[in-house]
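Data from my_file.txt: compact mmCIF, C-alpha atoms
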# COMPACT_ATOMS: atom_id res chain seq x y z
CA SER A 105 1.96 -3.54 30.57
CA ASN A 106 3.10 -5.98 27.88
CA THR A 107 5.83 -4.49 25.68
CA THR A 108 6.37 -7.53 23.43
CA ALA A 109 4.80 -8.02 20.01
CA PRO A 110 5.53 -11.72 19.32
CA TYR A 111 6.24 -13.42 16.02
CA ASP A 112 2.84 -15.13 15.89
CA LEU A 113 1.18 -11.72 16.06
CA VAL A 114 3.28 -9.85 13.49
CA ARG A 115 4.44 -12.53 11.05
CA LYS A 116 1.68 -12.02 8.48
CA MET A 117 1.68 -8.23 8.26
CA ARG A 118 4.58 -5.86 7.79
CA ALA A 119 2.58 -2.98 9.24
CA SER A 120 2.88 -4.62 12.65
CA VAL A 121 6.28 -2.94 13.00
CA LEU A 122 4.30 0.28 13.53
CA VAL A 123 3.71 -0.72 17.16
CA LEU A 124 7.44 -0.14 17.76
CA GLY A 125 7.47 3.67 17.86
CA PRO A 126 4.42 4.27 20.05
CA MET A 127 5.24 1.40 22.41
CA LEU A 128 8.79 2.64 22.87
CA ALA A 129 7.57 6.21 23.44
CA ARG A 130 4.91 5.17 25.98
CA GLU A 131 6.72 2.45 27.89
CA GLY A 132 10.39 3.20 27.34
CA ARG A 133 10.98 -0.24 25.86
CA ALA A 134 9.64 -2.50 23.13
CA ARG A 135 10.36 -5.97 21.83
CA VAL A 136 8.89 -6.49 18.37
CA SER A 137 9.37 -9.43 16.04
CA LEU A 138 10.86 -8.55 12.68
CA PRO A 139 7.90 -8.13 10.33
CA GLY A 140 6.59 -10.63 7.81
CA GLY A 141 4.04 -9.83 5.11
CA CYS A 142 4.72 -9.59 1.41
CA ALA A 143 8.08 -10.93 0.26
CA ILE A 144 8.70 -8.24 -2.35
CA GLY A 145 12.36 -7.47 -1.92
CA THR A 146 14.16 -5.05 0.33
CA ARG A 147 11.74 -3.09 2.51
CA PRO A 148 14.16 -1.31 4.82
CA VAL A 149 12.97 -1.48 8.41
CA ASP A 150 16.44 -0.16 9.25
CA LEU A 151 15.17 3.30 8.24
CA HIS A 152 12.74 3.10 11.18
CA LEU A 153 15.44 1.92 13.56
CA LYS A 154 18.07 4.50 12.63
CA ALA A 155 15.52 7.28 12.94
CA LEU A 156 14.41 6.10 16.39
CA GLU A 157 18.06 5.99 17.45
CA GLN A 158 18.27 9.68 16.54
CA LEU A 159 15.59 10.27 19.19
CA GLY A 160 17.67 8.48 21.80
CA ALA A 161 16.58 4.86 21.45
CA GLU A 162 19.03 2.00 21.97
CA ILE A 163 18.22 -0.79 19.55
CA GLU A 164 19.53 -4.32 19.09
CA LEU A 165 18.48 -7.17 16.82
CA ALA A 166 18.46 -10.53 18.58
CA GLU A 167 16.88 -13.87 17.67
CA GLY A 168 14.54 -12.33 15.10
CA TYR A 169 13.37 -9.52 17.37
CA ILE A 170 13.88 -5.78 17.50
CA GLU A 171 14.74 -4.93 21.10
CA ALA A 172 14.50 -1.21 21.80
CA ARG A 173 15.02 0.80 24.97
CA ALA A 174 14.77 4.44 25.93
CA ASP A 175 15.20 4.35 29.70
CA LYS A 176 14.99 8.12 30.03
CA GLY A 177 12.34 8.50 27.36
CA LEU A 178 12.71 9.66 23.78
CA MET A 179 14.12 13.11 23.06
CA GLY A 180 13.13 15.34 20.17
CA GLY A 181 15.55 15.70 17.28
CA HIS A 182 15.92 16.39 13.57
CA VAL A 183 15.43 13.25 11.48
CA VAL A 184 16.27 13.37 7.78
CA PHE A 185 15.06 10.21 6.04
CA PRO A 186 17.61 9.11 3.40
CA MET A 187 14.72 7.92 1.24
CA VAL A 188 10.97 8.36 1.42
CA THR A 189 9.46 5.76 3.75
CA VAL A 190 5.75 5.65 4.56
CA GLY A 191 6.05 3.26 7.49
CA GLY A 192 9.14 5.01 8.82
CA THR A 193 7.40 8.38 8.74
CA GLU A 194 4.36 6.94 10.53
CA ASN A 195 6.46 5.22 13.20
CA LEU A 196 8.47 8.37 13.92
CA LEU A 197 5.39 10.57 13.83
CA MET A 198 3.74 8.53 16.59
CA ALA A 199 6.92 8.26 18.63
CA ALA A 200 7.65 11.98 18.38
CA CYS A 201 4.24 12.88 19.80
CA LEU A 202 5.40 11.54 23.19
CA ALA A 203 9.07 12.53 22.93
CA ARG A 204 10.41 15.42 25.00
CA GLY A 205 10.86 18.59 22.98
CA GLU A 206 10.57 19.29 19.28
CA THR A 207 11.06 16.76 16.50
CA VAL A 208 11.46 17.69 12.84
CA LEU A 209 10.92 15.00 10.18
CA SER A 210 12.51 15.94 6.84
CA ASN A 211 11.98 14.07 3.56
CA ALA A 212 8.85 12.69 5.19
CA ALA A 213 6.33 10.69 3.17
CA ARG A 214 3.38 12.75 1.91
CA GLU A 215 0.96 9.88 1.29
CA PRO A 216 -2.66 10.62 2.27
CA GLU A 217 -2.49 7.86 4.88
CA VAL A 218 0.42 9.64 6.61
CA ALA A 219 -1.46 12.94 6.63
CA ASP A 220 -4.56 11.17 7.91
CA LEU A 221 -2.60 9.62 10.78
CA ALA A 222 -1.26 13.07 11.63
CA HIS A 223 -4.77 14.54 11.66
CA CYS A 224 -5.91 11.69 13.93
CA LEU A 225 -3.02 12.37 16.31
CA VAL A 226 -3.93 16.06 16.34
CA ALA A 227 -7.49 15.08 17.28
CA MET A 228 -5.93 13.17 20.19
CA GLY A 229 -4.05 16.24 21.35
CA ALA A 230 -0.78 16.10 19.40
CA LYS A 231 0.86 19.28 18.10
CA ILE A 232 1.96 18.77 14.49
CA ASP A 233 2.77 21.35 11.82
CA GLY A 234 3.44 20.73 8.12
CA ILE A 235 0.89 17.95 7.67
CA GLY A 236 0.80 16.84 4.02
CA THR A 237 4.27 18.23 3.27
CA ASP A 238 7.69 16.59 3.31
CA THR A 239 8.69 18.42 6.50
CA MET A 240 6.67 17.95 9.68
CA THR A 241 7.38 19.51 13.05
CA ILE A 242 6.06 17.79 16.19
CA GLN A 243 5.98 19.30 19.67
CA GLY A 244 6.15 16.42 22.13
CA SER A 245 3.44 15.96 24.77
CA THR A 246 3.34 13.98 28.00
CA SER A 247 0.18 12.15 26.93
CA LEU A 248 -2.56 11.98 24.33
CA LYS A 249 -6.29 11.71 24.89
CA GLY A 250 -8.91 9.52 23.30
CA ALA A 251 -10.77 10.77 20.25
CA GLU A 252 -13.37 9.72 17.70
CA TYR A 253 -11.99 9.82 14.18
CA SER A 254 -13.04 8.51 10.75
CA VAL A 255 -10.13 7.28 8.67
CA VAL A 256 -9.62 8.30 5.06
CA PRO A 257 -11.08 5.96 2.39
CA ASP A 258 -8.69 3.34 1.01
CA ARG A 259 -7.45 4.80 -2.29
CA ILE A 260 -5.81 1.48 -3.29
CA GLU A 261 -9.06 -0.42 -2.86
CA ALA A 262 -10.82 2.27 -4.89
CA GLY A 263 -8.12 2.02 -7.56
CA THR A 264 -8.44 -1.75 -7.66
CA PHE A 265 -12.19 -1.58 -8.30
CA ALA A 266 -11.62 1.16 -10.87
CA ALA A 267 -9.19 -1.19 -12.61
CA ALA A 268 -11.79 -3.97 -12.42
CA ALA A 269 -14.35 -1.79 -14.21
CA THR A 270 -11.74 -0.80 -16.80
CA ILE A 271 -10.51 -4.30 -17.60
CA THR A 272 -14.03 -5.77 -17.87
CA GLY A 273 -15.63 -2.85 -19.69
CA GLY A 274 -18.21 -2.56 -16.94
CA GLU A 275 -19.46 0.43 -15.00
CA LEU A 276 -18.98 0.92 -11.27
CA THR A 277 -19.85 3.76 -8.94
CA LEU A 278 -17.40 3.90 -6.06
CA LYS A 279 -19.28 5.48 -3.18
CA GLY A 280 -17.11 7.08 -0.54
CA ALA A 281 -14.02 7.05 -2.76
CA ARG A 282 -12.08 10.30 -3.07
CA ALA A 283 -10.94 11.20 -6.57
CA ASP A 284 -8.57 13.82 -5.16
CA LEU A 285 -6.53 11.04 -3.53
CA SER A 286 -6.53 8.87 -6.68
CA GLU A 287 -5.43 11.35 -9.33
CA ALA A 288 -2.36 9.44 -10.57
CA VAL A 289 -4.27 6.15 -10.85
CA ASN A 290 -7.32 7.76 -12.45
CA LYS A 291 -5.14 9.59 -14.98
CA ALA A 292 -3.43 6.31 -15.93
CA LEU A 293 -6.75 4.49 -16.31
CA THR A 294 -8.15 7.37 -18.36
CA ARG A 295 -5.17 7.20 -20.72
CA ALA A 296 -5.85 3.48 -21.08
CA GLY A 297 -9.49 4.03 -22.01
CA ALA A 298 -11.46 4.48 -18.80
CA VAL A 299 -14.01 7.23 -18.34
CA ILE A 300 -14.05 8.61 -14.79
CA THR A 301 -16.88 10.91 -13.78
CA PRO A 302 -17.38 12.63 -10.41
CA VAL A 303 -20.62 11.82 -8.60
CA ASP A 304 -21.96 12.73 -5.18
CA ASP A 305 -19.71 11.12 -2.55
CA GLY A 306 -17.47 9.27 -5.00
CA PHE A 307 -16.80 8.74 -8.68
CA LYS A 308 -18.05 6.52 -11.52
CA VAL A 309 -15.79 4.41 -13.72
CA SER A 310 -16.78 3.16 -17.18
CA ARG A 311 -14.97 2.63 -20.46
CA THR A 312 -14.81 4.34 -23.82
CA GLU A 313 -15.91 2.58 -26.98
CA GLY A 314 -13.13 0.51 -28.48
CA PRO A 315 -10.18 -1.39 -27.08
CA LEU A 316 -7.98 -0.58 -24.12
CA LEU A 317 -4.74 1.19 -25.00
CA GLY A 318 -1.27 0.32 -23.75
CA ILE A 319 0.41 3.04 -21.68
CA ASP A 320 3.75 3.54 -19.96
CA LEU A 321 3.91 4.29 -16.27
CA MET A 322 6.42 4.54 -13.44
CA THR A 323 5.78 4.03 -9.74
CA GLU A 324 6.73 6.95 -7.51
CA PRO A 325 6.08 8.25 -4.00
CA TYR A 326 2.86 10.22 -3.61
CA PRO A 327 1.57 12.13 -5.52
CA GLY A 328 3.05 9.88 -8.20
CA PHE A 329 1.64 6.54 -9.34
CA PRO A 330 1.51 4.21 -6.30
CA THR A 331 3.51 0.99 -6.25
CA ASP A 332 0.49 -0.70 -4.65
CA MET A 333 -1.42 -0.29 -7.95
CA GLN A 334 1.36 -1.50 -10.23
CA ALA A 335 0.24 -5.14 -10.42
CA GLN A 336 -3.40 -4.21 -11.07
CA LEU A 337 -2.46 -1.91 -13.95
CA MET A 338 -0.24 -4.63 -15.38
CA ALA A 339 -3.27 -6.93 -15.54
CA VAL A 340 -5.15 -4.22 -17.45
CA MET A 341 -2.21 -3.67 -19.82
CA ALA A 342 -2.00 -7.41 -20.48
CA VAL A 343 -5.21 -7.20 -22.54
CA ALA A 344 -4.68 -3.70 -24.01
CA ASP A 345 -3.77 -2.88 -27.59
CA GLY A 346 -0.07 -2.25 -28.11
CA ALA A 347 2.93 -2.40 -25.81
CA SER A 348 3.35 -0.88 -22.38
CA MET A 349 6.36 -0.34 -20.15
CA ILE A 350 5.88 -0.42 -16.39
CA THR A 351 8.84 0.73 -14.30
CA GLU A 352 9.01 -0.04 -10.57
CA THR A 353 11.11 2.46 -8.62
CA ILE A 354 9.90 1.84 -5.05
CA PHE A 355 10.59 -1.85 -4.33
CA GLU A 356 12.84 -4.41 -5.94
CA ASN A 357 11.44 -7.82 -6.87
CA ARG A 358 7.88 -6.55 -7.23
CA PHE A 359 7.18 -8.41 -10.44
CA MET A 360 6.42 -11.79 -8.92
CA HIS A 361 2.95 -11.72 -10.47
CA VAL A 362 4.48 -11.71 -13.97
CA PRO A 363 5.06 -15.50 -14.27
CA GLU A 364 1.51 -16.14 -13.05
CA LEU A 365 -0.02 -13.70 -15.53
CA CYS A 366 2.06 -15.33 -18.25
CA ARG A 367 0.58 -18.70 -17.28
CA MET A 368 -2.75 -17.16 -18.27
CA GLY A 369 -1.41 -16.13 -21.67
CA ALA A 370 -0.02 -12.66 -20.98
CA ASP A 371 3.07 -11.55 -22.94
CA ILE A 372 5.31 -9.87 -20.37
CA ASN A 373 9.10 -9.64 -20.17
CA VAL A 374 10.99 -8.19 -17.22
CA HIS A 375 14.21 -6.25 -17.79
CA GLY A 376 15.65 -5.04 -14.50
CA ALA A 377 13.24 -2.58 -12.91
CA SER A 378 10.95 -2.48 -15.96
CA ALA A 379 8.38 -4.85 -17.42
CA ILE A 380 7.46 -4.77 -21.11
CA VAL A 381 3.83 -5.78 -21.57
CA ARG A 382 2.61 -6.63 -25.06
CA GLY A 383 -1.15 -6.78 -25.04
CA VAL A 384 -2.86 -9.97 -26.18
CA PRO A 385 -6.43 -10.39 -27.51
CA GLY A 386 -7.46 -12.42 -24.49
CA LEU A 387 -6.31 -14.42 -21.48
CA SER A 388 -7.13 -18.04 -20.70
CA SER A 389 -7.79 -19.80 -17.44
CA ALA A 390 -4.99 -21.52 -15.54
CA PRO A 391 -4.20 -22.52 -11.97
CA VAL A 392 -2.13 -19.67 -10.53
CA MET A 393 -0.58 -18.79 -7.18
CA ALA A 394 -0.72 -15.51 -5.28
CA THR A 395 2.71 -14.36 -4.10
CA ASP A 396 1.79 -11.14 -2.28
CA LEU A 397 -1.16 -8.88 -1.58
CA ARG A 398 -1.30 -6.80 -4.76
CA ALA A 399 -0.09 -9.65 -6.96
CA SER A 400 -3.01 -11.73 -5.74
CA VAL A 401 -5.60 -9.13 -6.69
CA SER A 402 -3.99 -8.66 -10.12
CA LEU A 403 -4.68 -12.34 -10.74
CA VAL A 404 -8.29 -11.83 -9.69
CA LEU A 405 -8.61 -9.00 -12.23
CA ALA A 406 -7.05 -11.18 -14.92
CA GLY A 407 -9.42 -13.99 -13.98
CA LEU A 408 -12.42 -11.72 -14.50
CA VAL A 409 -11.65 -11.49 -18.23
CA ALA A 410 -9.92 -14.83 -18.83
CA LYS A 411 -11.71 -17.50 -20.82
CA GLY A 412 -12.74 -20.37 -18.58
CA GLU A 413 -12.34 -20.86 -14.85
CA THR A 414 -9.28 -19.49 -13.05
CA GLU A 415 -8.21 -20.97 -9.71
CA ILE A 416 -5.99 -18.86 -7.45
CA SER A 417 -4.22 -20.45 -4.49
CA ARG A 418 -2.72 -18.79 -1.40
CA ILE A 419 -5.42 -16.15 -1.35
CA TYR A 420 -4.81 -15.43 2.33
CA HIS A 421 -2.70 -12.57 0.97
CA LEU A 422 -5.92 -10.87 -0.17
CA ASP A 423 -7.35 -10.73 3.33
CA ARG A 424 -4.62 -8.37 4.51
CA GLY A 425 -5.65 -5.64 2.11
CA TYR A 426 -9.24 -6.20 1.00
CA GLU A 427 -12.39 -6.53 3.05
CA ARG A 428 -14.96 -8.96 1.61
CA LEU A 429 -13.49 -8.73 -1.89
CA VAL A 430 -15.34 -11.81 -3.17
CA GLU A 431 -18.69 -10.53 -1.89
CA LYS A 432 -18.14 -7.07 -3.37
CA LEU A 433 -17.13 -8.39 -6.79
CA SER A 434 -20.04 -10.84 -6.76
CA ALA A 435 -22.42 -7.96 -6.04
CA CYS A 436 -21.03 -6.27 -9.16
CA GLY A 437 -21.80 -9.29 -11.32
CA ALA A 438 -18.55 -11.26 -11.16
CA ASP A 439 -18.74 -15.06 -11.16
CA ILE A 440 -16.36 -15.61 -8.27
CA LYS A 441 -16.42 -17.75 -5.16
CA ARG A 442 -14.08 -18.62 -2.35
CA VAL A 443 -13.32 -22.27 -1.75
CA GLY A 444 -11.98 -23.26 1.65
CA GLY A 445 -10.66 -20.90 4.35
Can I see the file as structure tokens?
Amino acid sequence: SNTTAPYDLVRKMRASVLVLGPMLAREGRARVSLPGGCAIGTRPVDLHLKALEQLGAEIELAEGYIEARADKGLMGGHVVFPMVTVGGTENLLMAACLARGETVLSNAAREPEVADLAHCLVAMGAKIDGIGTDTMTIQGSTSLKGAEYSVVPDRIEAGTFAAAATITGGELTLKGARADLSEAVNKALTRAGAVITPVDDGFKVSRTEGPLLGIDLMTEPYPGFPTDMQAQLMAVMAVADGASMITETIFENRFMHVPELCRMGADINVHGASAIVRGVPGLSSAPVMATDLRASVSLVLAGLVAKGETEISRIYHLDRGYERLVEKLSACGADIKRVGG
């Protein structure tokens, strides 16, 4: 079987590195191009590699590729992640399912997507304890079986549409969304002026009478406020009353949307890991450029309330994280269209 994931396949999406663990566990070798995706600072793939080495993998970096071998198969071990890593936890979780013996993952990510992956693996025959906690124990198996499994709803997509309703003052019912997975985002939006009401199979988002209010927030690993909602909340804060401070603790250089929002009239200053947002009465249209996935959708949110027509280039970033975003927003009443590819 083919054990190479080439550059052309993985260059647009960082998550492609997640083929490394399962491929190495199944085939005893893997050659995976270093991932591409959003250029938002240091996103340490080395955490994945060092953890796999603790299970017996031999890994080299050569000509832009990760070349990994485990000629005798992976062996169970105790992996302590030096920092919380969602992708690293997922990679090791999959690899450990086919490693010989017991693997313990400590300081593991607790994000709902990690727990959902673990539940899927269990449905396929894996033996995993501690799902949803920061310590998971995996008993290795010789093989997994096929299974039918429904993945958890995308809490970041739900949060993005909740932010859209909040910034525009509209009302949206998010069917299929799970409020229990969106508590940090929903609390932040509520503090800013949103009204979030549970409904059957989802929740409804509307807005209180009066202006939006500036709030302070800090990104944190789950169950804290997710870094993948930071840019969207910044767009909301850009038109709120008062000043807000947004502190990014997960990734460096994740404020690349700030200059583009400022082109639309936002008043934002970055000081190290924090951005000070002083709300303005309104934004105005301008040609802007998407720099990464979440930055691109923050510009869409800003464009929904900006005076005039906003043109966003490099929107291919959107396609990696949102399915039919233009069609969904149009169905909600937005005047938005996609031009070109």
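For the set A:Arg130, A:Arg295, A:His361, A:His375, the residue with the smallest atom-to-atom gap to A:Leu178 is A:Arg130, counting only C-alpha atoms.
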Excluding A:Phe359 and its own-chain neighbours fewer than 6 positions away, which residues fall within 8 Å of it when counting all atoms listed in the file? Please give them as a short mmCIF file (atom, residue, chain, number, x, y, z; two decimals) with C-alpha atoms, keeping the file's coordinate frame.
data_model
loop_
_atom_site.label_atom_id
_atom_site.label_comp_id
_atom_site.auth_asym_id
_atom_site.auth_seq_id
_atom_site.Cartn_x
_atom_site.Cartn_y
_atom_site.Cartn_z
CA ALA A 335 0.24 -5.14 -10.42
CA VAL A 374 10.99 -8.19 -17.22
CA ALA A 379 8.38 -4.85 -17.42
#
Inset, instruction - Compile the contact shell of A:Tyr111 as JSON, numbers by chain: residues with an atom at most 8 Å away, counting all atoms listed in the file, same-chain residues fewer than 4 positions apart removed. - result: {"A": [115, 136, 137, 138, 139]}
Keeping only C-alpha atoms, write those residues as a PDB file, keeping the file's coordinate frame.
ATOM      1  CA  ARG A 115       4.440 -12.530  11.050  1.00  0.00           C
ATOM      2  CA  VAL A 136       8.890  -6.490  18.370  1.00  0.00           C
ATOM      3  CA  SER A 137       9.370  -9.430  16.040  1.00  0.00           C
ATOM      4  CA  LEU A 138      10.860  -8.550  12.680  1.00  0.00           C
ATOM      5  CA  PRO A 139       7.900  -8.130  10.330  1.00  0.00           C
TER       6      PRO A 139
END
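Of the listed residues (A:Thr189, A:Ser400, A:Thr246, A:Asn357), A:Thr246 comes nearest to A:Ala129; the distances count all atoms listed in the file.
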Inset, instruction - Find the residue from A:Leu433, A:Ala222, A:Leu128, A:Ala268 that sits nearest to A:Lys176; use all atoms listed in the file when measuring. - result: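 Smallest separation from A:Lys176 among the options: A:Leu128.
Distance check against A:Gly180 using all atoms listed in the file: of A:Asp396, A:Glu162, A:Glu157, A:Glu194, the minimum falls on A:Glu157.
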Legend entry - Residues near stretch 204-211 of chain A, cut-off 6 Å, only C-alpha atoms, skip fewer than 6 positions along chain, as a ChimeraX atom specification: /A:179-185,238-244
Inset, instruction - Compare A:Asp439, A:Glu217, A:Asp320, A:Glu413 by their minimum atom-to-atom distance to A:Ala296, counting only C-alpha atoms, and give me the closest one. - result: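 When distances to A:Ala296 are compared using only C-alpha atoms, the smallest one comes from A:Asp320.
The gap separating atom CA of A:Leu293 from atom CA of A:Ile354 is 20.3 Å, in Å to one decimal.
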Inset, instruction - Determine the nearest neighbour of A:Arg367 from the options A:Leu403, A:Thr353, A:Arg418, A:Met338, counting all atoms listed in the file. - result: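 Closest candidate: A:Leu403.
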